[in-house]
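Colleague: I'm passing along model.cif; it holds mmCIF, C-alpha atoms and all ligand atoms.
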data_query
loop_
_atom_site.label_atom_id
_atom_site.label_comp_id
_atom_site.auth_asym_id
_atom_site.auth_seq_id
_atom_site.Cartn_x
_atom_site.Cartn_y
_atom_site.Cartn_z
CA MET L 5 10.62 -12.05 22.84
CA ALA L 6 11.78 -15.25 24.60
CA ALA L 7 14.83 -13.42 25.95
CA PHE L 8 12.56 -10.76 27.44
CA LEU L 9 9.98 -13.19 28.88
CA TRP L 10 12.42 -15.59 30.51
CA GLY L 11 15.50 -13.39 30.98
CA VAL L 12 14.18 -9.90 31.84
CA PHE L 13 10.51 -10.00 32.89
CA PRO L 14 11.12 -12.16 36.01
CA TYR L 15 13.63 -9.60 37.32
CA LEU L 16 11.27 -6.68 36.57
CA ALA L 17 8.51 -8.50 38.48
CA ILE L 18 10.73 -9.41 41.45
CA SER L 19 12.07 -5.81 41.61
CA CYS L 20 8.50 -4.54 41.58
CA LEU L 21 7.64 -6.95 44.40
CA VAL L 22 10.57 -5.99 46.62
CA ILE L 23 10.74 -2.22 45.95
CA GLY L 24 6.93 -1.88 45.87
CA SER L 25 6.57 -3.72 49.20
CA VAL L 26 9.20 -1.54 50.91
CA TRP L 27 7.59 1.61 49.43
CA ARG L 28 4.14 0.56 50.64
CA ARG L 29 5.39 -0.35 54.12
CA VAL L 30 7.11 3.03 54.47
CA THR L 31 4.40 5.23 52.93
CA ARG L 32 1.22 3.43 54.08
CA PRO L 33 2.05 1.31 57.14
CA LEU L 34 -1.55 1.43 58.42
CA GLY L 35 -2.89 0.07 55.12
CA TRP L 36 -0.68 -3.05 55.44
CA SER L 37 -3.43 -5.60 55.90
CA ALA L 38 -5.41 -8.43 54.34
CA LYS L 39 -8.41 -6.08 54.75
CA SER L 40 -10.69 -8.81 56.08
CA SER L 41 -14.27 -8.78 54.80
CA GLU L 42 -15.44 -11.24 57.48
CA PHE L 43 -17.44 -8.39 59.00
CA PHE L 44 -19.61 -8.25 55.85
CA GLU L 45 -20.13 -11.99 55.29
CA LYS L 46 -18.93 -14.95 57.30
CA ARG L 47 -20.58 -18.19 56.19
CA TRP L 48 -19.09 -18.50 52.70
CA LEU L 49 -15.78 -17.04 53.83
CA SER L 50 -15.35 -19.66 56.55
CA LEU L 51 -15.55 -22.38 53.87
CA ALA L 52 -13.79 -20.73 50.91
CA SER L 53 -10.88 -19.10 52.74
CA PRO L 54 -9.46 -22.21 54.49
CA LEU L 55 -10.01 -24.26 51.32
CA PHE L 56 -7.99 -21.77 49.31
CA HIS L 57 -5.29 -21.08 51.92
CA TRP L 58 -4.59 -24.71 52.92
CA GLY L 59 -4.66 -25.73 49.24
CA ILE L 60 -2.21 -23.02 48.24
CA LEU L 61 0.16 -23.73 51.16
CA CYS L 62 0.40 -27.39 50.05
CA VAL L 63 0.82 -26.30 46.41
CA LEU L 64 3.66 -23.94 47.30
CA ALA L 65 5.40 -26.68 49.35
CA GLY L 66 5.10 -28.86 46.23
CA HIS L 67 6.66 -26.10 44.11
CA VAL L 68 9.72 -26.04 46.38
CA ALA L 69 10.05 -29.85 46.13
CA GLY L 70 9.47 -29.94 42.36
CA LEU L 71 11.30 -26.83 41.18
CA LEU L 72 14.05 -26.03 43.66
CA VAL L 73 15.21 -29.59 44.39
CA PRO L 74 17.26 -30.88 41.40
CA ILE L 75 16.07 -34.09 39.73
CA GLY L 76 19.45 -35.68 40.58
CA VAL L 77 18.57 -35.56 44.28
CA TYR L 78 15.47 -37.70 43.65
CA HIS L 79 17.48 -40.17 41.60
CA ALA L 80 20.17 -40.33 44.29
CA LEU L 81 17.46 -41.06 46.86
CA GLY L 82 16.10 -43.86 44.66
CA VAL L 83 12.81 -42.10 43.84
CA SER L 84 11.89 -43.21 40.31
CA ASP L 85 10.35 -40.76 37.82
CA GLU L 86 7.11 -42.80 37.82
CA VAL L 87 6.75 -42.63 41.60
CA TYR L 88 7.62 -38.92 41.64
CA HIS L 89 5.04 -38.01 38.98
CA ALA L 90 2.30 -40.22 40.42
CA PHE L 91 2.75 -38.55 43.80
CA ALA L 92 3.05 -35.04 42.27
CA MET L 93 -0.12 -35.56 40.27
CA TRP L 94 -2.24 -36.87 43.12
CA ALA L 95 -0.95 -34.60 45.89
CA GLY L 96 -0.59 -31.57 43.58
CA GLY L 97 -3.93 -32.32 41.92
CA VAL L 98 -5.86 -32.51 45.20
CA ALA L 99 -4.17 -29.38 46.60
CA GLY L 100 -4.62 -27.55 43.28
CA LEU L 101 -8.31 -28.50 43.14
CA ALA L 102 -8.86 -27.29 46.72
CA ALA L 103 -7.20 -23.96 45.88
CA SER L 104 -9.12 -23.72 42.57
CA ILE L 105 -12.51 -24.31 44.20
CA GLY L 106 -11.57 -21.99 47.08
CA ILE L 107 -10.68 -19.10 44.78
CA LEU L 108 -13.82 -19.72 42.69
CA LEU L 109 -15.99 -19.49 45.82
CA LEU L 110 -14.13 -16.37 46.97
CA GLY L 111 -14.81 -14.77 43.57
CA VAL L 112 -18.48 -15.72 43.55
CA ARG L 113 -18.82 -14.36 47.10
CA ARG L 114 -17.11 -11.07 46.24
CA ALA L 115 -19.32 -10.59 43.18
CA GLY L 116 -22.52 -11.96 44.69
CA VAL L 117 -22.66 -10.57 48.23
CA VAL L 118 -23.61 -6.91 47.89
CA ARG L 119 -21.85 -5.71 51.06
CA VAL L 120 -18.60 -7.38 50.00
CA ARG L 121 -18.93 -6.15 46.41
CA VAL L 122 -19.44 -2.48 47.24
CA ASN L 123 -16.46 -2.57 49.59
CA SER L 124 -14.14 -4.07 46.96
CA THR L 125 -11.44 -2.02 45.28
CA VAL L 126 -9.86 -2.40 41.84
CA GLY L 127 -6.85 -3.92 43.62
CA ASP L 128 -9.07 -6.61 45.18
CA TRP L 129 -10.40 -7.62 41.75
CA VAL L 130 -6.93 -7.60 40.17
CA ALA L 131 -5.56 -9.80 42.97
CA LEU L 132 -8.50 -12.19 42.68
CA ALA L 133 -8.30 -12.42 38.88
CA LEU L 134 -4.53 -12.98 38.84
CA LEU L 135 -4.70 -15.57 41.62
CA ALA L 136 -7.51 -17.40 39.85
CA ALA L 137 -5.61 -17.35 36.54
CA VAL L 138 -2.40 -18.66 38.15
CA VAL L 139 -4.15 -21.36 40.17
CA TRP L 140 -6.39 -22.53 37.34
CA THR L 141 -3.60 -22.70 34.73
CA GLY L 142 -1.39 -24.61 37.22
CA THR L 143 -4.15 -27.06 38.08
CA ALA L 144 -5.14 -27.48 34.42
CA MET L 145 -1.52 -28.35 33.72
CA THR L 146 -1.20 -30.85 36.58
CA ILE L 147 -4.52 -32.59 35.97
CA GLY L 148 -5.52 -31.82 32.35
CA TYR L 149 -2.12 -32.09 30.67
CA ASN L 150 -1.31 -35.23 32.66
CA ALA L 151 -4.61 -36.83 31.65
CA GLY L 152 -4.20 -35.93 27.97
CA PHE L 153 -0.47 -36.34 27.32
CA GLY L 154 1.06 -37.94 30.42
CA PRO L 155 3.34 -36.28 32.97
CA TYR L 156 5.44 -33.34 31.81
CA GLU L 157 9.03 -33.42 33.09
CA TYR L 158 9.38 -29.84 34.40
CA ARG L 159 12.30 -30.93 36.60
CA THR L 160 14.61 -30.75 33.56
CA THR L 161 13.21 -27.51 32.07
CA VAL L 162 11.23 -25.09 34.28
CA GLY L 163 13.04 -26.16 37.48
CA PRO L 164 16.61 -25.53 36.22
CA TRP L 165 15.40 -22.30 34.52
CA LEU L 166 13.91 -21.01 37.80
CA ARG L 167 17.09 -21.87 39.70
CA SER L 168 19.15 -20.11 37.00
CA VAL L 169 16.99 -17.00 37.43
CA LEU L 170 17.51 -17.09 41.19
CA ALA L 171 21.26 -17.50 40.59
CA LEU L 172 21.12 -14.30 38.44
CA HIS L 173 22.23 -16.23 35.36
CA PRO L 174 18.99 -16.96 33.41
CA ASP L 175 19.18 -20.01 31.16
CA VAL L 176 16.51 -18.79 28.71
CA ALA L 177 16.85 -21.81 26.35
CA ARG L 178 15.45 -24.16 29.04
CA MET L 179 11.99 -22.62 28.56
CA SER L 180 11.83 -23.02 24.76
CA GLY L 181 10.04 -26.40 24.52
CA VAL L 182 7.81 -25.95 27.58
CA PRO L 183 4.04 -26.41 26.86
CA GLY L 184 2.24 -23.10 26.26
CA LEU L 185 -0.11 -23.63 29.22
CA LEU L 186 2.81 -23.98 31.63
CA GLN L 187 4.57 -20.96 30.08
CA LEU L 188 1.38 -18.96 30.61
CA HIS L 189 1.22 -20.17 34.22
CA VAL L 190 4.77 -18.97 34.88
CA ILE L 191 4.25 -15.55 33.22
CA LEU L 192 1.01 -15.02 35.15
CA SER L 193 2.82 -16.00 38.37
CA PHE L 194 5.42 -13.28 37.87
CA ALA L 195 2.66 -10.79 37.00
CA LEU L 196 1.05 -11.78 40.32
CA PHE L 197 4.33 -11.16 42.16
CA ALA L 198 4.57 -7.70 40.53
CA ALA L 199 0.99 -6.79 41.51
CA THR L 200 1.30 -8.05 45.12
CA PRO L 201 2.54 -4.80 46.80
CA PHE L 202 -0.39 -2.83 45.37
CA THR L 203 -3.10 -5.16 46.66
CA ARG L 204 -4.31 -6.88 49.84
CA LEU L 205 -1.84 -9.67 48.99
CA VAL L 206 0.86 -7.79 50.93
CA HIS L 207 -0.36 -9.81 53.89
CA VAL L 208 1.71 -12.77 52.63
CA TRP L 209 4.72 -10.98 54.15
CA SER L 210 2.94 -10.89 57.51
CA ALA L 211 1.95 -14.55 57.76
CA PRO L 212 1.40 -15.24 61.51
CA LEU L 213 4.27 -17.72 61.79
CA ARG L 214 4.85 -16.98 65.48
CA TYR L 215 1.16 -17.40 66.31
CA PRO L 216 1.28 -21.06 67.48
CA ALA L 217 4.25 -20.38 69.79
CA ARG L 218 3.24 -17.04 71.30
CA SER L 219 1.88 -16.71 74.86
CA PRO L 220 -1.89 -17.02 75.02
CA ILE L 221 -3.92 -13.84 75.51
CA LEU L 222 -6.40 -14.10 78.38
CA TYR L 223 -9.73 -12.37 77.79
CA ARG L 224 -11.81 -11.48 80.84
CA THR L 225 -15.35 -10.26 80.85
CA ARG L 226 -15.95 -6.73 82.21
CA ARG L 227 -18.97 -8.12 84.10
CA HIS L 228 -18.64 -9.50 87.60
CA PRO L 229 -18.37 -13.32 87.30
CA SER L 230 -21.03 -14.12 89.94
CA THR L 231 -23.41 -11.15 89.93
CA GLY L 232 -23.14 -10.50 86.15
CA ALA L 233 -23.29 -6.74 86.87
C1 LIG X 301 8.01 -18.97 39.72
C2 LIG X 301 6.74 -19.18 39.61
C3 LIG X 301 6.10 -20.51 39.32
C4 LIG X 301 6.53 -21.56 38.57
C5 LIG X 301 7.84 -21.68 37.80
C6 LIG X 301 5.50 -22.59 38.62
C7 LIG X 301 5.55 -23.83 38.00
C8 LIG X 301 4.62 -24.83 38.15
C9 LIG X 301 4.77 -26.18 37.67
C10 LIG X 301 5.98 -26.72 36.92
C11 LIG X 301 3.63 -26.86 37.98
C12 LIG X 301 3.35 -28.35 37.71
C13 LIG X 301 2.76 -28.57 36.37
C14 LIG X 301 2.58 -30.04 36.08
O1 LIG X 301 2.19 -30.80 36.96
O2 LIG X 301 2.82 -30.43 34.92
C15 LIG X 301 2.75 -25.95 38.67
C16 LIG X 301 1.51 -26.28 39.15
C17 LIG X 301 0.72 -25.43 39.91
N1 LIG X 301 1.02 -24.14 40.28
FE1 LIG X 301 2.73 -23.14 39.84
N2 LIG X 301 4.46 -22.13 39.41
C18 LIG X 301 4.81 -20.87 39.87
C19 LIG X 301 4.08 -20.08 40.71
C20 LIG X 301 2.85 -20.40 41.23
C21 LIG X 301 2.09 -19.58 42.15
C22 LIG X 301 2.56 -18.21 42.67
C23 LIG X 301 0.91 -20.23 42.40
C24 LIG X 301 -0.27 -19.84 43.25
C25 LIG X 301 -0.45 -18.70 43.83
C26 LIG X 301 0.94 -21.47 41.66
C27 LIG X 301 -0.08 -22.41 41.64
C28 LIG X 301 -0.02 -23.64 41.04
C29 LIG X 301 -1.04 -24.66 41.15
C30 LIG X 301 -2.36 -24.52 41.91
C31 LIG X 301 -0.58 -25.77 40.47
C32 LIG X 301 -1.31 -27.13 40.35
C33 LIG X 301 -1.05 -27.98 41.56
C34 LIG X 301 0.37 -28.51 41.63
O3 LIG X 301 0.78 -29.25 40.76
O4 LIG X 301 1.07 -28.14 42.60
N3 LIG X 301 2.13 -21.54 40.97
N4 LIG X 301 3.38 -24.73 38.76
#
For the file at hand, write its structure as structure tokens.
Modeller:
Amino acid sequence: MAAFLWGVFPYLAISCLVIGSVWRRVTRPLGWSAKSSEFFEKRWLSLASPLFHWGILCVLAGHVAGLLVPIGVYHALGVSDEVYHAFAMWAGGVAGLAASIGILLLGVRRAGVVRVRVNSTVGDWVALALLAAVVWTGTAMTIGYNAGFGPYEYRTTVGPWLRSVLALHPDVARMSGVPGLLQLHVILSFALFAATPFTRLVHVWSAPLRYPARSPILYRTRRHPSTGA
């Protein structure tokens, strides 16, 4: 079972993500969208969406720093384990809480606002449920586990395992003593990656990175500026 979960499942999920995204782009290019529901309800969305998106962007930056950067780099830079974990808990905890509250509000809005609910597909609910499960297990780990048992040193277990997966040489044994909650978080994350091409989450590939640098678009009114006609 462990060999499948940590040595096979991640590759199945990543293959699904890559092949599924290419398939969707080729077969349904016009459906490639975040399918905004702003038209149906704006007030809650304008609070919940930035809370979730800014929270998750900070969380993902933290994942790069915590999982892809080897612990030796921190030691070489003179960053003690205490300082690292205090920072990871406060910064990760705040970002995780923002994302957790954001996704909760997005879920309540989707279920509670009739016009949004009737325009929701199964894919929308699957994406929402998986995102909520991933974000809540991650945040429970960062805040709850830390509060109950102290910081968990994932930089010597989950981090090296993830890098071994990316290097196509999975070191399955690294995941054996990892707390169940964190194992669940990782499995749910890969399930989320696998589901992405079949949901509105495909828009992560189309993040508007060039937006701040592009030339401004000038909008002019059709009416005459002085007569208003
Ligand atoms: C390869 C996949 C992933 C791995 C290995 C992973 C691993 C981790 C680890 C080790 C933590 C810190 C736990 C602690 O503090 O003890 C964490 C926290 C968290 N993760 Fe993930 N994660 C993955 C994917 C994701 C994804 C895709 C999301 C969101 C869409 C996510 C959201 C969170 C959140 C919200 C937290 C709590 C805040 C934080 O500490 O940054 N994770 N994850």
Colleague: Please identify the residues whose atoms come within 6 Å of ligand LIG 301 (chain X), using all atoms listed in the file, and report them as a PDB file with C-alpha atoms, in the frame of the given file.
Modeller:
ATOM      1  CA  VAL L  63       0.820 -26.300  46.410  1.00  0.00           C
ATOM      2  CA  GLY L  66       5.100 -28.860  46.230  1.00  0.00           C
ATOM      3  CA  GLY L  96      -0.590 -31.570  43.580  1.00  0.00           C
ATOM      4  CA  GLY L  97      -3.930 -32.320  41.920  1.00  0.00           C
ATOM      5  CA  GLY L 100      -4.620 -27.550  43.280  1.00  0.00           C
ATOM      6  CA  LEU L 135      -4.700 -15.570  41.620  1.00  0.00           C
ATOM      7  CA  VAL L 138      -2.400 -18.660  38.150  1.00  0.00           C
ATOM      8  CA  VAL L 139      -4.150 -21.360  40.170  1.00  0.00           C
ATOM      9  CA  GLY L 142      -1.390 -24.610  37.220  1.00  0.00           C
ATOM     10  CA  THR L 143      -4.150 -27.060  38.080  1.00  0.00           C
ATOM     11  CA  MET L 145      -1.520 -28.350  33.720  1.00  0.00           C
ATOM     12  CA  THR L 146      -1.200 -30.850  36.580  1.00  0.00           C
ATOM     13  CA  TYR L 156       5.440 -33.340  31.810  1.00  0.00           C
ATOM     14  CA  TYR L 158       9.380 -29.840  34.400  1.00  0.00           C
ATOM     15  CA  VAL L 162      11.230 -25.090  34.280  1.00  0.00           C
ATOM     16  CA  VAL L 190       4.770 -18.970  34.880  1.00  0.00           C
ATOM     17  CA  SER L 193       2.820 -16.000  38.370  1.00  0.00           C
TER      18      SER L 193
END
Colleague: Which of these residues is nearest to Gly148 of chain L, using only C-alpha atoms: L:Ser53, L:His67, L:Leu186, L:Phe202?
Modeller: L:Leu186
Colleague: Given only C-alpha atoms as the basis, pick out the residue of L:Phe91, L:Arg204, L:Ala137, L:Gly184 nearest to Ser41 of chain L.
Modeller: L:Arg204
Colleague: From the options L:Thr161, L:Thr203, L:Ser104, L:Ser180, which residue's atoms come nearest to Val126 of chain L, counting all atoms listed in the file?
Modeller: L:Thr203
Colleague: Just want the 12 Å neighbourhood of Phe44 of chain L, counted on only C-alpha atoms, with same-chain residues fewer than 6 positions away dropped. Output as a list in words.
Modeller: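 My list of contacting residues is Arg113, Arg114, Val117, Val118, Arg119, Val120, Arg121, Val122, Asn123 and Ser124 of chain L.
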Colleague: Name the residues in contact with Gly35 of chain L at a cut-off of 12 Å, using only C-alpha atoms, excluding same-chain residues fewer than 6 positions from it; report them as a list in words.
Modeller: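 Returned residues: Ser25, Arg28, Arg29, Pro201, Phe202, Thr203, Arg204, Leu205, Val206 and His207 of chain L.
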